[in-house]
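**Q** Just model-v2.txt, nothing more (compact mmCIF, N, CA and C atoms):
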```txt
# COMPACT_ATOMS: atom_id res chain seq x y z
N MET A 170 0.85 -1.16 0.00
CA MET A 170 0.00 0.00 0.00
C MET A 170 0.90 1.23 0.00
N LEU A 171 0.57 2.20 -0.81
CA LEU A 171 1.38 3.40 -0.92
C LEU A 171 0.86 4.49 0.00
N PRO A 172 1.74 5.13 0.75
CA PRO A 172 1.30 6.26 1.56
C PRO A 172 0.95 7.43 0.65
N ARG A 173 -0.10 8.15 0.97
CA ARG A 173 -0.51 9.30 0.19
C ARG A 173 -0.31 10.56 1.03
N VAL A 174 0.92 10.81 1.39
CA VAL A 174 1.22 11.96 2.23
C VAL A 174 2.27 12.81 1.52
N GLN A 175 2.03 14.08 1.51
CA GLN A 175 3.05 15.02 1.05
C GLN A 175 3.23 16.02 2.16
N ASP A 176 4.37 15.91 2.84
CA ASP A 176 4.61 16.79 3.98
C ASP A 176 4.69 18.23 3.54
N ARG A 177 3.92 19.06 4.19
CA ARG A 177 4.01 20.50 3.97
C ARG A 177 3.61 21.17 5.28
N VAL A 178 4.61 21.48 6.05
CA VAL A 178 4.39 22.09 7.35
C VAL A 178 4.81 23.55 7.26
N THR A 179 3.97 24.43 7.80
CA THR A 179 4.27 25.85 7.79
C THR A 179 4.17 26.40 9.20
N GLY A 180 4.84 27.50 9.46
CA GLY A 180 4.73 28.17 10.75
C GLY A 180 5.15 27.32 11.92
N CYS A 181 6.21 26.56 11.78
CA CYS A 181 6.65 25.64 12.83
C CYS A 181 7.13 26.37 14.07
N ARG A 182 6.92 25.73 15.21
CA ARG A 182 7.47 26.20 16.46
C ARG A 182 8.41 25.12 16.97
N ILE A 183 9.63 25.48 17.27
CA ILE A 183 10.61 24.51 17.76
C ILE A 183 11.08 24.97 19.13
N GLY A 184 11.07 24.07 20.07
CA GLY A 184 11.57 24.39 21.41
C GLY A 184 11.76 23.12 22.20
N ASP A 185 12.80 23.05 22.98
CA ASP A 185 13.08 21.89 23.83
C ASP A 185 13.18 20.59 23.03
N GLY A 186 13.62 20.66 21.77
CA GLY A 186 13.75 19.46 20.95
C GLY A 186 12.46 18.99 20.34
N ASN A 187 11.37 19.73 20.55
CA ASN A 187 10.07 19.34 20.02
C ASN A 187 9.70 20.24 18.85
N LEU A 188 8.73 19.83 18.06
CA LEU A 188 8.33 20.55 16.87
C LEU A 188 6.81 20.58 16.81
N ALA A 189 6.23 21.72 16.45
CA ALA A 189 4.77 21.82 16.33
C ALA A 189 4.44 22.81 15.24
N GLY A 190 3.27 22.64 14.64
CA GLY A 190 2.84 23.58 13.63
C GLY A 190 1.70 23.03 12.80
N PRO A 191 1.11 23.90 11.97
CA PRO A 191 0.01 23.46 11.11
C PRO A 191 0.53 22.58 9.97
N TYR A 192 -0.30 21.63 9.56
CA TYR A 192 0.01 20.72 8.46
C TYR A 192 -1.13 20.81 7.45
N GLU A 193 -0.78 21.14 6.21
CA GLU A 193 -1.79 21.30 5.17
C GLU A 193 -2.11 19.96 4.54
N THR A 194 -3.39 19.60 4.53
CA THR A 194 -3.87 18.38 3.88
C THR A 194 -4.81 18.79 2.75
N PRO A 195 -5.18 17.87 1.87
CA PRO A 195 -6.16 18.22 0.82
C PRO A 195 -7.52 18.63 1.39
N PHE A 196 -7.76 18.29 2.66
CA PHE A 196 -9.06 18.56 3.28
C PHE A 196 -9.06 19.77 4.20
N GLY A 197 -7.91 20.37 4.41
CA GLY A 197 -7.79 21.51 5.31
C GLY A 197 -6.52 21.41 6.12
N THR A 198 -6.32 22.33 7.01
CA THR A 198 -5.12 22.38 7.83
C THR A 198 -5.39 21.77 9.20
N VAL A 199 -4.49 20.91 9.64
CA VAL A 199 -4.60 20.31 10.97
C VAL A 199 -3.40 20.76 11.80
N ASP A 200 -3.52 20.62 13.10
CA ASP A 200 -2.44 20.98 14.01
C ASP A 200 -1.63 19.74 14.34
N THR A 201 -0.31 19.88 14.36
CA THR A 201 0.56 18.75 14.68
C THR A 201 1.51 19.13 15.80
N THR A 202 1.87 18.12 16.57
CA THR A 202 2.88 18.27 17.62
C THR A 202 3.77 17.04 17.59
N THR A 203 5.07 17.26 17.60
CA THR A 203 6.03 16.17 17.68
C THR A 203 6.81 16.35 18.97
N THR A 204 6.80 15.32 19.81
CA THR A 204 7.45 15.39 21.11
C THR A 204 8.51 14.31 21.22
N VAL A 205 9.72 14.69 21.53
CA VAL A 205 10.81 13.74 21.73
C VAL A 205 10.78 13.26 23.17
N LEU A 206 10.80 11.94 23.34
CA LEU A 206 10.79 11.34 24.67
C LEU A 206 12.10 10.58 24.86
N GLY A 207 13.04 11.17 25.54
CA GLY A 207 14.33 10.52 25.75
C GLY A 207 15.13 10.41 24.46
N ASN A 208 15.99 9.41 24.40
CA ASN A 208 16.87 9.23 23.24
C ASN A 208 16.33 8.26 22.21
N ASP A 209 15.17 7.65 22.48
CA ASP A 209 14.73 6.59 21.59
C ASP A 209 13.25 6.62 21.19
N SER A 210 12.52 7.65 21.58
CA SER A 210 11.09 7.65 21.27
C SER A 210 10.60 9.03 20.86
N VAL A 211 9.65 9.03 19.91
CA VAL A 211 9.04 10.26 19.41
C VAL A 211 7.54 10.04 19.32
N VAL A 212 6.76 11.00 19.80
CA VAL A 212 5.30 10.96 19.66
C VAL A 212 4.87 12.06 18.70
N TYR A 213 4.10 11.68 17.69
CA TYR A 213 3.56 12.63 16.71
C TYR A 213 2.05 12.62 16.89
N ARG A 214 1.46 13.79 17.07
CA ARG A 214 0.03 13.92 17.37
C ARG A 214 -0.61 14.88 16.38
N VAL A 215 -1.77 14.49 15.85
CA VAL A 215 -2.52 15.33 14.92
C VAL A 215 -3.88 15.63 15.53
N THR A 216 -4.20 16.90 15.66
CA THR A 216 -5.52 17.29 16.16
C THR A 216 -6.24 18.10 15.09
N LEU A 217 -7.55 18.02 15.13
CA LEU A 217 -8.39 18.69 14.13
C LEU A 217 -8.78 20.08 14.60
N PRO A 218 -8.90 21.02 13.66
CA PRO A 218 -9.41 22.34 14.03
C PRO A 218 -10.90 22.26 14.36
N ALA A 219 -11.40 23.27 15.01
CA ALA A 219 -12.81 23.31 15.42
C ALA A 219 -13.76 23.11 14.25
N ALA A 220 -13.39 23.60 13.06
CA ALA A 220 -14.26 23.47 11.88
C ALA A 220 -14.51 22.01 11.51
N PHE A 221 -13.60 21.12 11.91
CA PHE A 221 -13.77 19.68 11.66
C PHE A 221 -14.20 18.94 12.92
N GLY A 222 -14.65 19.65 13.93
CA GLY A 222 -15.11 19.03 15.16
C GLY A 222 -14.07 18.98 16.26
N GLY A 223 -12.85 19.42 15.97
CA GLY A 223 -11.80 19.42 16.99
C GLY A 223 -11.42 18.01 17.40
N GLY A 224 -10.56 17.91 18.37
CA GLY A 224 -10.19 16.62 18.93
C GLY A 224 -9.04 15.93 18.22
N LEU A 225 -8.72 14.77 18.74
CA LEU A 225 -7.61 13.98 18.28
C LEU A 225 -7.94 13.26 16.97
N ASN A 226 -7.03 13.30 16.01
CA ASN A 226 -7.20 12.58 14.75
C ASN A 226 -6.24 11.40 14.65
N GLN A 227 -4.99 11.60 15.11
CA GLN A 227 -4.01 10.52 15.05
C GLN A 227 -2.95 10.70 16.12
N ASN A 228 -2.52 9.59 16.68
CA ASN A 228 -1.40 9.55 17.62
C ASN A 228 -0.44 8.51 17.09
N GLN A 229 0.83 8.85 17.02
CA GLN A 229 1.81 7.96 16.44
C GLN A 229 3.03 7.89 17.35
N LEU A 230 3.48 6.69 17.66
CA LEU A 230 4.68 6.49 18.46
C LEU A 230 5.76 5.88 17.58
N THR A 231 6.92 6.50 17.54
CA THR A 231 8.07 5.96 16.83
C THR A 231 9.15 5.63 17.85
N THR A 232 9.67 4.41 17.76
CA THR A 232 10.73 3.96 18.66
C THR A 232 11.97 3.67 17.83
N LEU A 233 13.11 4.16 18.32
CA LEU A 233 14.40 3.98 17.64
C LEU A 233 15.27 3.10 18.53
N PRO A 234 15.20 1.77 18.35
CA PRO A 234 15.93 0.89 19.25
C PRO A 234 17.44 0.89 19.07
N GLY A 235 17.96 1.56 18.03
CA GLY A 235 19.39 1.69 17.87
C GLY A 235 20.05 0.61 17.05
N ASN A 236 19.29 -0.22 16.37
CA ASN A 236 19.86 -1.31 15.57
C ASN A 236 19.55 -1.14 14.07
N GLY A 237 19.35 0.10 13.63
CA GLY A 237 19.04 0.35 12.23
C GLY A 237 17.58 0.14 11.89
N VAL A 238 16.75 -0.10 12.89
CA VAL A 238 15.32 -0.31 12.69
C VAL A 238 14.56 0.81 13.38
N ARG A 239 13.52 1.29 12.70
CA ARG A 239 12.60 2.25 13.32
C ARG A 239 11.24 1.55 13.37
N VAL A 240 10.62 1.55 14.54
CA VAL A 240 9.33 0.90 14.72
C VAL A 240 8.29 1.99 14.97
N ARG A 241 7.22 1.94 14.19
CA ARG A 241 6.20 2.98 14.30
C ARG A 241 4.82 2.34 14.42
N THR A 242 4.05 2.82 15.38
CA THR A 242 2.65 2.42 15.53
C THR A 242 1.81 3.69 15.50
N ALA A 243 0.62 3.56 14.95
CA ALA A 243 -0.27 4.72 14.88
C ALA A 243 -1.68 4.30 15.25
N GLN A 244 -2.39 5.22 15.86
CA GLN A 244 -3.80 5.05 16.17
C GLN A 244 -4.54 6.20 15.53
N GLY A 245 -5.59 5.89 14.77
CA GLY A 245 -6.36 6.94 14.10
C GLY A 245 -7.78 6.99 14.63
N PHE A 246 -8.34 8.19 14.59
CA PHE A 246 -9.67 8.41 15.14
C PHE A 246 -10.54 9.13 14.11
N THR A 247 -11.84 8.88 14.14
CA THR A 247 -12.75 9.49 13.18
C THR A 247 -12.86 10.99 13.42
N PHE A 248 -13.14 11.70 12.35
CA PHE A 248 -13.28 13.15 12.43
C PHE A 248 -14.44 13.52 13.34
N GLY A 249 -14.17 14.36 14.31
CA GLY A 249 -15.22 14.95 15.12
C GLY A 249 -15.63 14.22 16.36
N ASP A 250 -15.74 12.87 16.31
CA ASP A 250 -16.22 12.19 17.51
C ASP A 250 -15.15 11.34 18.19
N GLU A 251 -13.93 11.38 17.67
CA GLU A 251 -12.77 10.74 18.28
C GLU A 251 -12.98 9.26 18.60
N GLN A 252 -13.70 8.55 17.74
CA GLN A 252 -13.87 7.11 17.91
C GLN A 252 -12.70 6.40 17.22
N PRO A 253 -12.20 5.32 17.81
CA PRO A 253 -11.11 4.59 17.17
C PRO A 253 -11.50 4.16 15.76
N ASP A 254 -10.61 4.42 14.79
CA ASP A 254 -10.93 4.15 13.39
C ASP A 254 -9.93 3.19 12.75
N PHE A 255 -8.64 3.31 13.09
CA PHE A 255 -7.64 2.42 12.51
C PHE A 255 -6.42 2.36 13.40
N ALA A 256 -5.62 1.34 13.15
CA ALA A 256 -4.32 1.21 13.81
C ALA A 256 -3.34 0.68 12.77
N SER A 257 -2.08 1.05 12.90
CA SER A 257 -1.07 0.57 11.97
C SER A 257 0.23 0.28 12.71
N PHE A 258 1.02 -0.57 12.10
CA PHE A 258 2.31 -0.97 12.68
C PHE A 258 3.30 -1.07 11.54
N TYR A 259 4.45 -0.42 11.68
CA TYR A 259 5.49 -0.43 10.65
C TYR A 259 6.83 -0.77 11.27
N ARG A 260 7.63 -1.52 10.55
CA ARG A 260 9.04 -1.71 10.85
C ARG A 260 9.79 -1.11 9.67
N GLU A 261 10.61 -0.15 9.92
CA GLU A 261 11.36 0.52 8.85
C GLU A 261 12.84 0.27 9.08
N TYR A 262 13.54 -0.08 8.00
CA TYR A 262 14.94 -0.45 8.09
C TYR A 262 15.82 0.59 7.43
N LYS A 263 16.91 0.95 8.09
CA LYS A 263 17.91 1.83 7.49
C LYS A 263 18.91 0.95 6.74
N LEU A 264 18.95 1.15 5.44
CA LEU A 264 19.82 0.33 4.61
C LEU A 264 20.76 1.23 3.84
N GLY A 265 21.91 0.69 3.46
CA GLY A 265 22.97 1.49 2.88
C GLY A 265 22.88 1.76 1.39
N SER A 266 22.03 1.02 0.67
CA SER A 266 21.98 1.22 -0.77
C SER A 266 20.63 0.79 -1.33
N ARG A 267 20.38 1.19 -2.56
CA ARG A 267 19.15 0.78 -3.24
C ARG A 267 19.09 -0.74 -3.37
N ASP A 268 20.22 -1.36 -3.70
CA ASP A 268 20.26 -2.82 -3.85
C ASP A 268 19.90 -3.52 -2.54
N GLU A 269 20.43 -3.02 -1.41
CA GLU A 269 20.06 -3.59 -0.10
C GLU A 269 18.58 -3.42 0.15
N TRP A 270 18.04 -2.25 -0.19
CA TRP A 270 16.61 -1.96 0.02
C TRP A 270 15.76 -2.90 -0.82
N LEU A 271 16.13 -3.10 -2.08
CA LEU A 271 15.37 -3.99 -2.96
C LEU A 271 15.42 -5.43 -2.46
N ALA A 272 16.58 -5.87 -1.97
CA ALA A 272 16.69 -7.22 -1.42
C ALA A 272 15.80 -7.37 -0.18
N LYS A 273 15.79 -6.36 0.70
CA LYS A 273 14.95 -6.41 1.90
C LYS A 273 13.47 -6.39 1.51
N LEU A 274 13.11 -5.59 0.51
CA LEU A 274 11.73 -5.54 0.03
C LEU A 274 11.30 -6.92 -0.48
N ALA A 275 12.14 -7.56 -1.27
CA ALA A 275 11.83 -8.89 -1.79
C ALA A 275 11.68 -9.90 -0.65
N GLN A 276 12.56 -9.80 0.35
CA GLN A 276 12.50 -10.70 1.51
C GLN A 276 11.18 -10.52 2.26
N ILE A 277 10.79 -9.28 2.54
CA ILE A 277 9.56 -9.01 3.28
C ILE A 277 8.33 -9.43 2.48
N ARG A 278 8.34 -9.13 1.17
CA ARG A 278 7.21 -9.55 0.32
C ARG A 278 7.05 -11.07 0.34
N ALA A 279 8.16 -11.80 0.21
CA ALA A 279 8.11 -13.26 0.21
C ALA A 279 7.66 -13.81 1.56
N ALA A 280 8.20 -13.27 2.64
CA ALA A 280 7.86 -13.75 3.99
C ALA A 280 6.39 -13.53 4.32
N ASN A 281 5.79 -12.52 3.71
CA ASN A 281 4.39 -12.21 4.01
C ASN A 281 3.44 -12.58 2.88
N ASN A 282 3.94 -13.37 1.92
CA ASN A 282 3.11 -13.84 0.80
C ASN A 282 2.37 -12.70 0.08
N ILE A 283 3.07 -11.60 -0.14
CA ILE A 283 2.46 -10.46 -0.84
C ILE A 283 2.35 -10.81 -2.32
N LEU A 284 1.14 -10.76 -2.84
CA LEU A 284 0.91 -11.03 -4.25
C LEU A 284 1.39 -9.86 -5.09
N GLU A 285 1.91 -10.15 -6.27
CA GLU A 285 2.35 -9.09 -7.16
C GLU A 285 1.19 -8.13 -7.47
N SER A 286 -0.03 -8.67 -7.55
CA SER A 286 -1.19 -7.83 -7.83
C SER A 286 -1.52 -6.87 -6.69
N ASP A 287 -0.98 -7.13 -5.50
CA ASP A 287 -1.22 -6.26 -4.34
C ASP A 287 -0.11 -5.24 -4.13
N GLU A 288 0.93 -5.30 -4.94
CA GLU A 288 2.04 -4.37 -4.77
C GLU A 288 1.68 -3.02 -5.36
N CYS A 289 1.99 -1.97 -4.61
CA CYS A 289 1.85 -0.59 -5.09
C CYS A 289 0.42 -0.23 -5.47
N VAL A 290 -0.55 -0.67 -4.68
CA VAL A 290 -1.93 -0.25 -4.91
C VAL A 290 -2.41 0.54 -3.70
N TRP A 291 -3.32 1.43 -3.94
CA TRP A 291 -3.94 2.22 -2.88
C TRP A 291 -5.28 1.59 -2.59
N VAL A 292 -5.54 1.19 -1.35
CA VAL A 292 -6.74 0.42 -1.05
C VAL A 292 -7.85 1.24 -0.40
N ALA A 293 -7.61 2.51 -0.13
CA ALA A 293 -8.65 3.34 0.49
C ALA A 293 -9.28 4.21 -0.58
N GLY A 294 -10.58 4.20 -0.64
CA GLY A 294 -11.26 5.05 -1.61
C GLY A 294 -11.62 4.31 -2.88
N GLU A 295 -12.22 5.00 -3.78
CA GLU A 295 -12.67 4.41 -5.04
C GLU A 295 -12.01 5.12 -6.20
N PRO A 296 -11.55 4.45 -7.23
CA PRO A 296 -11.38 3.00 -7.24
C PRO A 296 -10.19 2.61 -6.39
N PRO A 297 -10.09 1.32 -6.03
CA PRO A 297 -9.00 0.92 -5.15
C PRO A 297 -7.62 1.03 -5.78
N GLU A 298 -7.52 0.95 -7.10
CA GLU A 298 -6.22 1.03 -7.74
C GLU A 298 -5.72 2.47 -7.76
N SER A 299 -4.44 2.65 -7.54
CA SER A 299 -3.85 3.99 -7.53
C SER A 299 -3.63 4.52 -8.93
N GLY A 300 -3.50 3.62 -9.91
CA GLY A 300 -3.19 4.06 -11.26
C GLY A 300 -1.72 4.37 -11.44
N VAL A 301 -0.92 4.10 -10.42
CA VAL A 301 0.51 4.37 -10.47
C VAL A 301 1.25 3.05 -10.30
N THR A 302 2.18 2.78 -11.17
CA THR A 302 2.97 1.56 -11.03
C THR A 302 4.01 1.74 -9.93
N CYS A 303 4.56 0.63 -9.47
CA CYS A 303 5.64 0.69 -8.48
C CYS A 303 6.80 1.52 -9.01
N GLU A 304 7.15 1.30 -10.27
CA GLU A 304 8.27 2.04 -10.85
C GLU A 304 7.98 3.53 -10.89
N GLU A 305 6.74 3.92 -11.23
CA GLU A 305 6.39 5.35 -11.24
C GLU A 305 6.46 5.94 -9.84
N HIS A 306 6.01 5.18 -8.85
CA HIS A 306 6.00 5.67 -7.47
C HIS A 306 7.42 5.86 -6.93
N PHE A 307 8.26 4.83 -7.10
CA PHE A 307 9.61 4.87 -6.53
C PHE A 307 10.62 5.55 -7.43
N GLY A 308 10.33 5.63 -8.72
CA GLY A 308 11.27 6.26 -9.65
C GLY A 308 12.32 5.31 -10.18
N PHE A 309 12.17 4.01 -9.91
CA PHE A 309 13.07 2.98 -10.43
C PHE A 309 12.34 1.64 -10.34
N PRO A 310 12.79 0.63 -11.12
CA PRO A 310 12.11 -0.67 -11.09
C PRO A 310 12.21 -1.34 -9.72
N VAL A 311 11.09 -1.86 -9.24
CA VAL A 311 11.07 -2.62 -7.99
C VAL A 311 10.44 -3.97 -8.25
```
Please render this file's structure as structure tokens.

**A**
Amino acid sequence: MLPRVQDRVTGCRIGDGNLAGPYETPFGTVDTTTTVLGNDSVVYRVTLPAAFGGGLNQNQLTTLPGNGVRVRTAQGFTFGDEQPDFASFYREYKLGSRDEWLAKLAQIRAANNILESDECVWVAGEPPESGVTCEEHFGFPV
């Protein structure tokens, strides 16, 4: 599944190692706060403006265990009523080259029985296909 995020943060406030500011989305601007917790954890929080009902939209914890892996979990909430809507879990690897990344991608795809037809598709919304190939998304053959 391809992430559909284009970071565009404006008017940032930085202090005590933390970062906060508005984030522009296709649906409007949301407020974000990034808080560093010690040497190995970061919390990213997204709240909605009053026009969208206010409240929490997403909470994300990133852990940096120090072994070249970044572990990220996220909890998402519906607009306005803050009901649990989704959860996600990611393991991200720091690799030294494109070839290492492609080998790791092939390993993860094989270990999880990812079908070629499921690679590089967007599954939220209609139609489910993104219309973008893996090569178009990454800028090189995968």

**Q** Using only N, CA and C atoms, pick whichever of A:Gly207, A:Ala220, A:Thr198, A:Gly237 has the shortest atom-to-atom distance to Leu264 in chain A.

**A**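 Checking each candidate against Leu264 in chain A, we get A:Gly237 as the closest.
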
**Q** Within 7 Å of range 266-273 of chain A, counting only C-alpha atoms, which residues qualify if same-chain residues fewer than 3 places away don't, as a PyMOL selection string?

**A** chain A and resi 276-277+311

**Q** Please produce an output containing N, CA and C atoms for each residue in the selection, written as an mmCIF file, keeping the file's coordinate frame.

**A**
```cif
data_model
loop_
_atom_site.group_PDB
_atom_site.id
_atom_site.type_symbol
_atom_site.label_atom_id
_atom_site.label_comp_id
_atom_site.auth_asym_id
_atom_site.auth_seq_id
_atom_site.Cartn_x
_atom_site.Cartn_y
_atom_site.Cartn_z
ATOM 1 N N GLN A 276 12.560 -9.800 0.350
ATOM 2 C CA GLN A 276 12.500 -10.700 1.510
ATOM 3 C C GLN A 276 11.180 -10.520 2.260
ATOM 4 N N ILE A 277 10.790 -9.280 2.540
ATOM 5 C CA ILE A 277 9.560 -9.010 3.280
ATOM 6 C C ILE A 277 8.330 -9.430 2.480
ATOM 7 N N VAL A 311 11.090 -1.860 -9.240
ATOM 8 C CA VAL A 311 11.070 -2.620 -7.990
ATOM 9 C C VAL A 311 10.440 -3.970 -8.250
#
```

**Q** Mind giving me the straight-line distance from atom N of Leu188 in chain A to CA of Asp200 in chain A in Å, one decimal?

**A**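 Atom-to-atom, atom N of Leu188 in chain A and CA of Asp200 in chain A are spaced 11.9 Å apart.
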
**Q** So, counting all atoms listed in the file, which residue among A:Leu233, A:Asn226, A:Gly197, A:Glu304 is closest to Val211 in chain A?

**A**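 Between A:Leu233, A:Asn226, A:Gly197, A:Glu304, the residue approaching Val211 in chain A most closely is A:Leu233.
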
**Q** Compare A:Pro310, A:Arg241, A:Ala189, A:Gly223 by their minimum atom-to-atom distance to Asp209 in chain A, counting only C-alpha atoms, and give me the closest one.

**A**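 Among A:Pro310, A:Arg241, A:Ala189, A:Gly223, it is A:Arg241 that comes nearest to Asp209 in chain A.
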
**Q** Could you give me, as number ranges by chain, the residues within 6.5 Å of range 202-204 of chain A, counting all atoms listed in the file and dropping anything in the same chain fewer than 2 positions from it?

**A** A: 186-190, 200, 206, 210-216

**Q** What is the distance between CA of Tyr262 in chain A and CA of Arg239 in chain A, in Å to one decimal?

**A** 6.3 Å

**Q** Rebuild range 257-271 of chain A so that it carries N, CA, C and O atoms, then output the result as a PDB file, keeping the file's coordinate frame.

**A**
```
ATOM      1  N   SER A 257      -2.080   1.050  12.900  1.00  0.00           N
ATOM      2  CA  SER A 257      -1.070   0.570  11.970  1.00  0.00           C
ATOM      3  C   SER A 257       0.230   0.280  12.710  1.00  0.00           C
ATOM      4  O   SER A 257       0.471   0.818  13.792  1.00  0.00           O
ATOM      5  N   PHE A 258       1.020  -0.570  12.100  1.00  0.00           N
ATOM      6  CA  PHE A 258       2.310  -0.970  12.680  1.00  0.00           C
ATOM      7  C   PHE A 258       3.300  -1.070  11.540  1.00  0.00           C
ATOM      8  O   PHE A 258       3.023  -1.688  10.513  1.00  0.00           O
ATOM      9  N   TYR A 259       4.450  -0.420  11.680  1.00  0.00           N
ATOM     10  CA  TYR A 259       5.490  -0.430  10.650  1.00  0.00           C
ATOM     11  C   TYR A 259       6.830  -0.770  11.270  1.00  0.00           C
ATOM     12  O   TYR A 259       7.133  -0.336  12.375  1.00  0.00           O
ATOM     13  N   ARG A 260       7.630  -1.520  10.550  1.00  0.00           N
ATOM     14  CA  ARG A 260       9.040  -1.710  10.850  1.00  0.00           C
ATOM     15  C   ARG A 260       9.790  -1.110   9.670  1.00  0.00           C
ATOM     16  O   ARG A 260       9.590  -1.548   8.536  1.00  0.00           O
ATOM     17  N   GLU A 261      10.610  -0.150   9.920  1.00  0.00           N
ATOM     18  CA  GLU A 261      11.360   0.520   8.850  1.00  0.00           C
ATOM     19  C   GLU A 261      12.840   0.270   9.080  1.00  0.00           C
ATOM     20  O   GLU A 261      13.332   0.387  10.198  1.00  0.00           O
ATOM     21  N   TYR A 262      13.540  -0.080   8.000  1.00  0.00           N
ATOM     22  CA  TYR A 262      14.940  -0.450   8.090  1.00  0.00           C
ATOM     23  C   TYR A 262      15.820   0.590   7.430  1.00  0.00           C
ATOM     24  O   TYR A 262      15.533   1.054   6.332  1.00  0.00           O
ATOM     25  N   LYS A 263      16.910   0.950   8.090  1.00  0.00           N
ATOM     26  CA  LYS A 263      17.910   1.830   7.490  1.00  0.00           C
ATOM     27  C   LYS A 263      18.910   0.950   6.740  1.00  0.00           C
ATOM     28  O   LYS A 263      19.574   0.111   7.345  1.00  0.00           O
ATOM     29  N   LEU A 264      18.950   1.150   5.440  1.00  0.00           N
ATOM     30  CA  LEU A 264      19.820   0.330   4.610  1.00  0.00           C
ATOM     31  C   LEU A 264      20.760   1.230   3.840  1.00  0.00           C
ATOM     32  O   LEU A 264      20.456   2.386   3.575  1.00  0.00           O
ATOM     33  N   GLY A 265      21.910   0.690   3.460  1.00  0.00           N
ATOM     34  CA  GLY A 265      22.970   1.490   2.880  1.00  0.00           C
ATOM     35  C   GLY A 265      22.880   1.760   1.390  1.00  0.00           C
ATOM     36  O   GLY A 265      23.571   2.639   0.886  1.00  0.00           O
ATOM     37  N   SER A 266      22.030   1.020   0.670  1.00  0.00           N
ATOM     38  CA  SER A 266      21.980   1.220  -0.770  1.00  0.00           C
ATOM     39  C   SER A 266      20.630   0.790  -1.330  1.00  0.00           C
ATOM     40  O   SER A 266      19.848   0.111  -0.649  1.00  0.00           O
ATOM     41  N   ARG A 267      20.380   1.190  -2.560  1.00  0.00           N
ATOM     42  CA  ARG A 267      19.150   0.780  -3.240  1.00  0.00           C
ATOM     43  C   ARG A 267      19.090  -0.740  -3.370  1.00  0.00           C
ATOM     44  O   ARG A 267      18.048  -1.353  -3.169  1.00  0.00           O
ATOM     45  N   ASP A 268      20.220  -1.360  -3.700  1.00  0.00           N
ATOM     46  CA  ASP A 268      20.260  -2.820  -3.850  1.00  0.00           C
ATOM     47  C   ASP A 268      19.900  -3.520  -2.540  1.00  0.00           C
ATOM     48  O   ASP A 268      19.153  -4.502  -2.538  1.00  0.00           O
ATOM     49  N   GLU A 269      20.430  -3.020  -1.410  1.00  0.00           N
ATOM     50  CA  GLU A 269      20.060  -3.590  -0.100  1.00  0.00           C
ATOM     51  C   GLU A 269      18.580  -3.420   0.150  1.00  0.00           C
ATOM     52  O   GLU A 269      17.917  -4.316   0.672  1.00  0.00           O
ATOM     53  N   TRP A 270      18.040  -2.250  -0.190  1.00  0.00           N
ATOM     54  CA  TRP A 270      16.610  -1.960   0.020  1.00  0.00           C
ATOM     55  C   TRP A 270      15.760  -2.900  -0.820  1.00  0.00           C
ATOM     56  O   TRP A 270      14.777  -3.461  -0.331  1.00  0.00           O
ATOM     57  N   LEU A 271      16.130  -3.100  -2.080  1.00  0.00           N
ATOM     58  CA  LEU A 271      15.370  -3.990  -2.960  1.00  0.00           C
ATOM     59  C   LEU A 271      15.420  -5.430  -2.460  1.00  0.00           C
ATOM     60  O   LEU A 271      14.418  -6.150  -2.513  1.00  0.00           O
TER      61      LEU A 271
END
```
